[in-house]
$ cat input27.tsv   # TSV, N, CA, C and O atoms
chain	number	residue	atom	x	y	z
A	359	MET	N	0.84	-1.18	0.00
A	359	MET	CA	0.00	0.00	0.00
A	359	MET	C	0.89	1.25	0.00
A	359	MET	O	1.87	1.32	0.71
A	360	LEU	N	0.51	2.21	-0.81
A	360	LEU	CA	1.30	3.43	-0.89
A	360	LEU	C	1.15	4.27	0.37
A	360	LEU	O	0.06	4.47	0.87
A	361	GLY	N	2.25	4.77	0.85
A	361	GLY	CA	2.22	5.67	1.98
A	361	GLY	C	1.88	7.08	1.54
A	361	GLY	O	1.92	7.39	0.34
A	362	LEU	N	1.52	7.93	2.46
A	362	LEU	CA	1.15	9.31	2.15
A	362	LEU	C	2.28	10.05	1.45
A	362	LEU	O	2.04	10.79	0.49
A	363	ASP	N	3.51	9.83	1.88
A	363	ASP	CA	4.64	10.49	1.23
A	363	ASP	C	4.78	10.05	-0.22
A	363	ASP	O	5.08	10.86	-1.10
A	364	ALA	N	4.56	8.79	-0.49
A	364	ALA	CA	4.65	8.28	-1.86
A	364	ALA	C	3.58	8.91	-2.73
A	364	ALA	O	3.82	9.27	-3.89
A	365	ILE	N	2.39	9.08	-2.19
A	365	ILE	CA	1.29	9.69	-2.94
A	365	ILE	C	1.61	11.15	-3.23
A	365	ILE	O	1.40	11.65	-4.33
A	366	ARG	N	2.12	11.86	-2.24
A	366	ARG	CA	2.46	13.28	-2.40
A	366	ARG	C	3.53	13.50	-3.47
A	366	ARG	O	3.62	14.57	-4.03
A	367	ASN	N	4.32	12.51	-3.73
A	367	ASN	CA	5.38	12.64	-4.71
A	367	ASN	C	4.93	12.30	-6.13
A	367	ASN	O	5.73	12.40	-7.05
A	368	THR	N	3.69	11.90	-6.31
A	368	THR	CA	3.23	11.56	-7.65
A	368	THR	C	2.93	12.82	-8.45
A	368	THR	O	2.60	13.87	-7.91
A	369	ARG	N	3.05	12.70	-9.75
A	369	ARG	CA	2.79	13.82	-10.66
A	369	ARG	C	1.33	14.26	-10.56
A	369	ARG	O	1.04	15.46	-10.53
A	370	VAL	N	0.43	13.30	-10.46
A	370	VAL	CA	-1.00	13.63	-10.39
A	370	VAL	C	-1.29	14.45	-9.14
A	370	VAL	O	-2.01	15.46	-9.20
A	371	TYR	N	-0.74	14.06	-8.03
A	371	TYR	CA	-0.94	14.80	-6.77
A	371	TYR	C	-0.39	16.21	-6.90
A	371	TYR	O	-1.05	17.19	-6.52
A	372	GLN	N	0.81	16.35	-7.44
A	372	GLN	CA	1.44	17.66	-7.57
A	372	GLN	C	0.64	18.57	-8.49
A	372	GLN	O	0.45	19.75	-8.21
A	373	GLU	N	0.14	18.00	-9.61
A	373	GLU	CA	-0.66	18.80	-10.54
A	373	GLU	C	-1.97	19.25	-9.89
A	373	GLU	O	-2.40	20.39	-10.06
A	374	ALA	N	-2.60	18.34	-9.17
A	374	ALA	CA	-3.85	18.68	-8.49
A	374	ALA	C	-3.62	19.76	-7.43
A	374	ALA	O	-4.43	20.68	-7.28
A	375	LYS	N	-2.52	19.67	-6.74
A	375	LYS	CA	-2.18	20.65	-5.72
A	375	LYS	C	-1.99	22.02	-6.34
A	375	LYS	O	-2.52	23.03	-5.85
A	376	GLU	N	-1.25	22.09	-7.45
A	376	GLU	CA	-1.02	23.37	-8.13
A	376	GLU	C	-2.32	23.93	-8.68
A	376	GLU	O	-2.56	25.14	-8.63
A	377	GLU	N	-3.17	23.06	-9.23
A	377	GLU	CA	-4.46	23.51	-9.76
A	377	GLU	C	-5.32	24.10	-8.64
A	377	GLU	O	-5.97	25.12	-8.82
A	378	GLY	N	-5.29	23.48	-7.48
A	378	GLY	CA	-6.03	23.99	-6.33
A	378	GLY	C	-5.52	25.35	-5.88
A	378	GLY	O	-6.31	26.23	-5.54
A	379	LYS	N	-4.23	25.53	-5.90
A	379	LYS	CA	-3.65	26.82	-5.53
A	379	LYS	C	-4.09	27.90	-6.51
A	379	LYS	O	-4.46	29.00	-6.11
A	380	LEU	N	-4.08	27.58	-7.80
A	380	LEU	CA	-4.48	28.53	-8.82
A	380	LEU	C	-5.95	28.90	-8.65
A	380	LEU	O	-6.32	30.08	-8.70
A	381	GLU	N	-6.79	27.91	-8.42
A	381	GLU	CA	-8.22	28.18	-8.23
A	381	GLU	C	-8.45	29.09	-7.03
A	381	GLU	O	-9.28	29.99	-7.08
A	382	GLY	N	-7.72	28.86	-5.96
A	382	GLY	CA	-7.84	29.71	-4.78
A	382	GLY	C	-7.46	31.15	-5.05
A	382	GLY	O	-8.12	32.08	-4.60
A	383	LYS	N	-6.41	31.32	-5.83
A	383	LYS	CA	-5.98	32.68	-6.18
A	383	LYS	C	-7.02	33.35	-7.06
A	383	LYS	O	-7.35	34.52	-6.86
A	384	ILE	N	-7.56	32.62	-8.02
A	384	ILE	CA	-8.56	33.18	-8.92
A	384	ILE	C	-9.83	33.56	-8.16
A	384	ILE	O	-10.45	34.58	-8.44
A	385	GLU	N	-10.18	32.77	-7.16
A	385	GLU	CA	-11.35	33.08	-6.35
A	385	GLU	C	-11.17	34.37	-5.55
A	385	GLU	O	-12.13	35.02	-5.16
A	386	ALA	N	-9.93	34.77	-5.30
A	386	ALA	CA	-9.65	35.99	-4.55
A	386	ALA	C	-9.78	37.24	-5.40
A	386	ALA	O	-9.93	38.35	-4.87
A	387	VAL	N	-9.76	37.10	-6.72
A	387	VAL	CA	-9.78	38.26	-7.62
A	387	VAL	C	-10.98	39.17	-7.37
A	387	VAL	O	-10.81	40.39	-7.22
A	388	PRO	N	-12.22	38.66	-7.30
A	388	PRO	CA	-13.36	39.57	-7.09
A	388	PRO	C	-13.26	40.37	-5.78
A	388	PRO	O	-13.59	41.55	-5.75
A	389	ARG	N	-12.77	39.73	-4.73
A	389	ARG	CA	-12.64	40.44	-3.44
A	389	ARG	C	-11.62	41.56	-3.54
A	389	ARG	O	-11.82	42.65	-2.99
A	390	LEU	N	-10.54	41.31	-4.24
A	390	LEU	CA	-9.51	42.33	-4.39
A	390	LEU	C	-9.98	43.47	-5.28
A	390	LEU	O	-9.64	44.63	-5.04
A	391	LEU	N	-10.79	43.14	-6.29
A	391	LEU	CA	-11.37	44.19	-7.12
A	391	LEU	C	-12.28	45.10	-6.29
A	391	LEU	O	-12.26	46.32	-6.44
A	392	LYS	N	-13.08	44.49	-5.40
A	392	LYS	CA	-13.98	45.27	-4.54
A	392	LYS	C	-13.20	46.19	-3.61
A	392	LYS	O	-13.71	47.24	-3.21
A	393	LEU	N	-11.99	45.81	-3.27
A	393	LEU	CA	-11.15	46.65	-2.42
A	393	LEU	C	-10.51	47.79	-3.20
A	393	LEU	O	-9.86	48.65	-2.62
A	394	GLY	N	-10.70	47.78	-4.52
A	394	GLY	CA	-10.20	48.86	-5.35
A	394	GLY	C	-8.83	48.64	-5.96
A	394	GLY	O	-8.24	49.57	-6.51
A	395	LEU	N	-8.32	47.43	-5.89
A	395	LEU	CA	-7.02	47.16	-6.48
A	395	LEU	C	-7.14	47.09	-8.00
A	395	LEU	O	-8.17	46.67	-8.53
A	396	SER	N	-6.09	47.51	-8.68
A	396	SER	CA	-6.06	47.42	-10.14
A	396	SER	C	-5.73	45.99	-10.54
A	396	SER	O	-5.26	45.19	-9.72
A	397	LEU	N	-5.93	45.68	-11.81
A	397	LEU	CA	-5.61	44.34	-12.30
A	397	LEU	C	-4.12	44.05	-12.12
A	397	LEU	O	-3.74	42.93	-11.75
A	398	GLU	N	-3.30	45.05	-12.34
A	398	GLU	CA	-1.87	44.88	-12.19
A	398	GLU	C	-1.49	44.60	-10.73
A	398	GLU	O	-0.64	43.76	-10.44
A	399	GLN	N	-2.12	45.31	-9.81
A	399	GLN	CA	-1.86	45.09	-8.38
A	399	GLN	C	-2.30	43.70	-7.95
A	399	GLN	O	-1.61	43.04	-7.17
A	400	ILE	N	-3.44	43.27	-8.46
A	400	ILE	CA	-3.94	41.93	-8.13
A	400	ILE	C	-2.98	40.87	-8.65
A	400	ILE	O	-2.63	39.92	-7.94
A	401	ALA	N	-2.54	41.02	-9.89
A	401	ALA	CA	-1.61	40.06	-10.48
A	401	ALA	C	-0.33	39.99	-9.66
A	401	ALA	O	0.17	38.89	-9.38
A	402	GLU	N	0.16	41.14	-9.25
A	402	GLU	CA	1.39	41.16	-8.45
A	402	GLU	C	1.17	40.52	-7.08
A	402	GLU	O	1.97	39.70	-6.62
A	403	ALA	N	0.07	40.87	-6.43
A	403	ALA	CA	-0.20	40.35	-5.09
A	403	ALA	C	-0.39	38.83	-5.08
A	403	ALA	O	0.05	38.15	-4.15
A	404	LEU	N	-1.04	38.32	-6.13
A	404	LEU	CA	-1.33	36.88	-6.19
A	404	LEU	C	-0.28	36.09	-6.95
A	404	LEU	O	-0.39	34.88	-7.08
A	405	GLU	N	0.73	36.80	-7.44
A	405	GLU	CA	1.79	36.17	-8.23
A	405	GLU	C	1.21	35.42	-9.42
A	405	GLU	O	1.51	34.25	-9.66
A	406	LEU	N	0.34	36.13	-10.17
A	406	LEU	CA	-0.28	35.58	-11.37
A	406	LEU	C	0.10	36.44	-12.56
A	406	LEU	O	0.43	37.62	-12.41
A	407	GLU	N	0.02	35.85	-13.73
A	407	GLU	CA	0.20	36.62	-14.96
A	407	GLU	C	-1.01	37.53	-15.11
A	407	GLU	O	-2.13	37.16	-14.76
A	408	ILE	N	-0.80	38.72	-15.65
A	408	ILE	CA	-1.89	39.68	-15.83
A	408	ILE	C	-3.00	39.10	-16.70
A	408	ILE	O	-4.18	39.37	-16.47
A	409	ASP	N	-2.64	38.29	-17.68
A	409	ASP	CA	-3.65	37.68	-18.55
A	409	ASP	C	-4.58	36.74	-17.77
A	409	ASP	O	-5.77	36.67	-18.07
A	410	VAL	N	-4.07	36.06	-16.79
A	410	VAL	CA	-4.89	35.17	-15.96
A	410	VAL	C	-5.90	36.00	-15.18
A	410	VAL	O	-7.07	35.63	-15.06
A	411	VAL	N	-5.46	37.12	-14.64
A	411	VAL	CA	-6.35	38.01	-13.89
A	411	VAL	C	-7.42	38.58	-14.82
A	411	VAL	O	-8.60	38.61	-14.47
A	412	ARG	N	-7.02	39.00	-16.01
A	412	ARG	CA	-7.99	39.54	-16.98
A	412	ARG	C	-9.04	38.50	-17.34
A	412	ARG	O	-10.23	38.81	-17.43
A	413	GLN	N	-8.62	37.26	-17.54
A	413	GLN	CA	-9.57	36.18	-17.86
A	413	GLN	C	-10.54	35.96	-16.71
A	413	GLN	O	-11.72	35.74	-16.93
A	414	ALA	N	-10.05	36.02	-15.49
A	414	ALA	CA	-10.91	35.84	-14.32
A	414	ALA	C	-11.95	36.96	-14.25
A	414	ALA	O	-13.13	36.71	-13.95
A	415	VAL	N	-11.54	38.19	-14.54
A	415	VAL	CA	-12.46	39.33	-14.52
A	415	VAL	C	-13.49	39.19	-15.64
A	415	VAL	O	-14.68	39.45	-15.43
A	416	GLU	N	-13.06	38.74	-16.81
A	416	GLU	CA	-13.99	38.54	-17.93
A	416	GLU	C	-15.05	37.51	-17.59
A	416	GLU	O	-16.22	37.66	-17.92
A	417	LYS	N	-14.66	36.44	-16.90
A	417	LYS	CA	-15.62	35.41	-16.49
A	417	LYS	C	-16.63	35.96	-15.50
A	417	LYS	O	-17.78	35.55	-15.48
A	418	LEU	N	-16.20	36.90	-14.67
A	418	LEU	CA	-17.10	37.51	-13.69
A	418	LEU	C	-18.19	38.32	-14.38
A	418	LEU	O	-19.33	38.35	-13.93
A	419	SER	N	-17.81	38.99	-15.44
A	419	SER	CA	-18.74	39.88	-16.11
A	419	SER	C	-19.61	39.18	-17.15
A	419	SER	O	-20.49	39.78	-17.73
A	420	SER	N	-19.38	37.90	-17.36
A	420	SER	CA	-20.20	37.18	-18.34
A	420	SER	C	-21.27	36.34	-17.69
A	420	SER	O	-21.45	36.26	-16.55
$ encode --input "input27.tsv" --output "structure tokens"
Amino acid sequence: MLGLDAIRNTRVYQEAKEEGKLEGKIEAVPRLLKLGLSLEQIAEALELEIDVVRQAVEKLSS
């Protein structure tokens, strides 16, 4: 049986973990917009590419 450490070292686990982190950051975009931050400030604060932030904002408005 695989131990927890062995599972954590798998590619699938690592990809899922990164995807979860990205989703969490994208979920923060609307809250940061409400606080008055610019798209550039949000991208910098969340360590995201500006295009990712723009896409998140576009999804909000659609």
$ residues_around --input "input27.tsv" --residues "Leu404 (chain A)" --least-positions-apart "6" --cutoff "8 Å" --atoms "only N, CA, C and O atoms" --output "list in words"
Lys379, Leu380, Lys383, Ile384, Leu397 and Glu398 of chain A
$ write_last_selection --input "input27.tsv" --atoms "N, CA, C and O atoms" --output "JSON list (two decimals), in the coordinates of the input"
[["chain", "number", "residue", "atom", "x", "y", "z"],
["A", 379, "LYS", "N", -4.23, 25.53, -5.90],
["A", 379, "LYS", "CA", -3.65, 26.82, -5.53],
["A", 379, "LYS", "C", -4.09, 27.90, -6.51],
["A", 379, "LYS", "O", -4.46, 29.00, -6.11],
["A", 380, "LEU", "N", -4.08, 27.58, -7.80],
["A", 380, "LEU", "CA", -4.48, 28.53, -8.82],
["A", 380, "LEU", "C", -5.95, 28.90, -8.65],
["A", 380, "LEU", "O", -6.32, 30.08, -8.70],
["A", 383, "LYS", "N", -6.41, 31.32, -5.83],
["A", 383, "LYS", "CA", -5.98, 32.68, -6.18],
["A", 383, "LYS", "C", -7.02, 33.35, -7.06],
["A", 383, "LYS", "O", -7.35, 34.52, -6.86],
["A", 384, "ILE", "N", -7.56, 32.62, -8.02],
["A", 384, "ILE", "CA", -8.56, 33.18, -8.92],
["A", 384, "ILE", "C", -9.83, 33.56, -8.16],
["A", 384, "ILE", "O", -10.45, 34.58, -8.44],
["A", 397, "LEU", "N", -5.93, 45.68, -11.81],
["A", 397, "LEU", "CA", -5.61, 44.34, -12.30],
["A", 397, "LEU", "C", -4.12, 44.05, -12.12],
["A", 397, "LEU", "O", -3.74, 42.93, -11.75],
["A", 398, "GLU", "N", -3.30, 45.05, -12.34],
["A", 398, "GLU", "CA", -1.87, 44.88, -12.19],
["A", 398, "GLU", "C", -1.49, 44.60, -10.73],
["A", 398, "GLU", "O", -0.64, 43.76, -10.44]]
$ closest_residue --input "input27.tsv" --among "A:Val415, A:Ala403, A:Ile408, A:Leu362" --to "Leu391 (chain A)" --atoms "only C-alpha atoms"
A:Val415
$ select_by_dssp --input "input27.tsv" --residues "chain A" --states "helix (DSSP H, G or I)" --output "number ranges by chain"
A: 362-366, 369-392, 397-404, 408-419
$ atom_distance --input "input27.tsv" --atom1 "atom N of Glu385 (chain A)" --atom2 "CA of Ser419 (chain A)"
14.3 Å
$ axis_aligned_box --input "input27.tsv" --around "region 416-419 of chain A" --padding-each-side "3 Å" --output "lines of an AutoDock Vina configuration file"
center_x = -16.8
center_y = 37.6
center_z = -15.8
size_x = 13.4
size_y = 10.5
size_z = 10.2
$ atom_distance --input "input27.tsv" --atom1 "CA of Arg369 (chain A)" --atom2 "atom O of Gln413 (chain A)"
27.0 Å
$ atom_distance --input "input27.tsv" --atom1 "CA of Glu376 (chain A)" --atom2 "atom O of Lys392 (chain A)"
27.5 Å
$ residues_around --input "input27.tsv" --residues "Leu418 (chain A)" --least-positions-apart "4" --cutoff "10 Å" --atoms "only C-alpha atoms" --output "mmCIF file with N, CA, C and O atoms, in the frame of the given file"
data_model
loop_
_atom_site.group_PDB
_atom_site.id
_atom_site.type_symbol
_atom_site.label_atom_id
_atom_site.label_comp_id
_atom_site.auth_asym_id
_atom_site.auth_seq_id
_atom_site.Cartn_x
_atom_site.Cartn_y
_atom_site.Cartn_z
ATOM 1 N N VAL A 387 -9.760 37.100 -6.720
ATOM 2 C CA VAL A 387 -9.780 38.260 -7.620
ATOM 3 C C VAL A 387 -10.980 39.170 -7.370
ATOM 4 O O VAL A 387 -10.810 40.390 -7.220
ATOM 5 N N PRO A 388 -12.220 38.660 -7.300
ATOM 6 C CA PRO A 388 -13.360 39.570 -7.090
ATOM 7 C C PRO A 388 -13.260 40.370 -5.780
ATOM 8 O O PRO A 388 -13.590 41.550 -5.750
ATOM 9 N N ARG A 412 -7.020 39.000 -16.010
ATOM 10 C CA ARG A 412 -7.990 39.540 -16.980
ATOM 11 C C ARG A 412 -9.040 38.500 -17.340
ATOM 12 O O ARG A 412 -10.230 38.810 -17.430
ATOM 13 N N GLN A 413 -8.620 37.260 -17.540
ATOM 14 C CA GLN A 413 -9.570 36.180 -17.860
ATOM 15 C C GLN A 413 -10.540 35.960 -16.710
ATOM 16 O O GLN A 413 -11.720 35.740 -16.930
ATOM 17 N N ALA A 414 -10.050 36.020 -15.490
ATOM 18 C CA ALA A 414 -10.910 35.840 -14.320
ATOM 19 C C ALA A 414 -11.950 36.960 -14.250
ATOM 20 O O ALA A 414 -13.130 36.710 -13.950
#
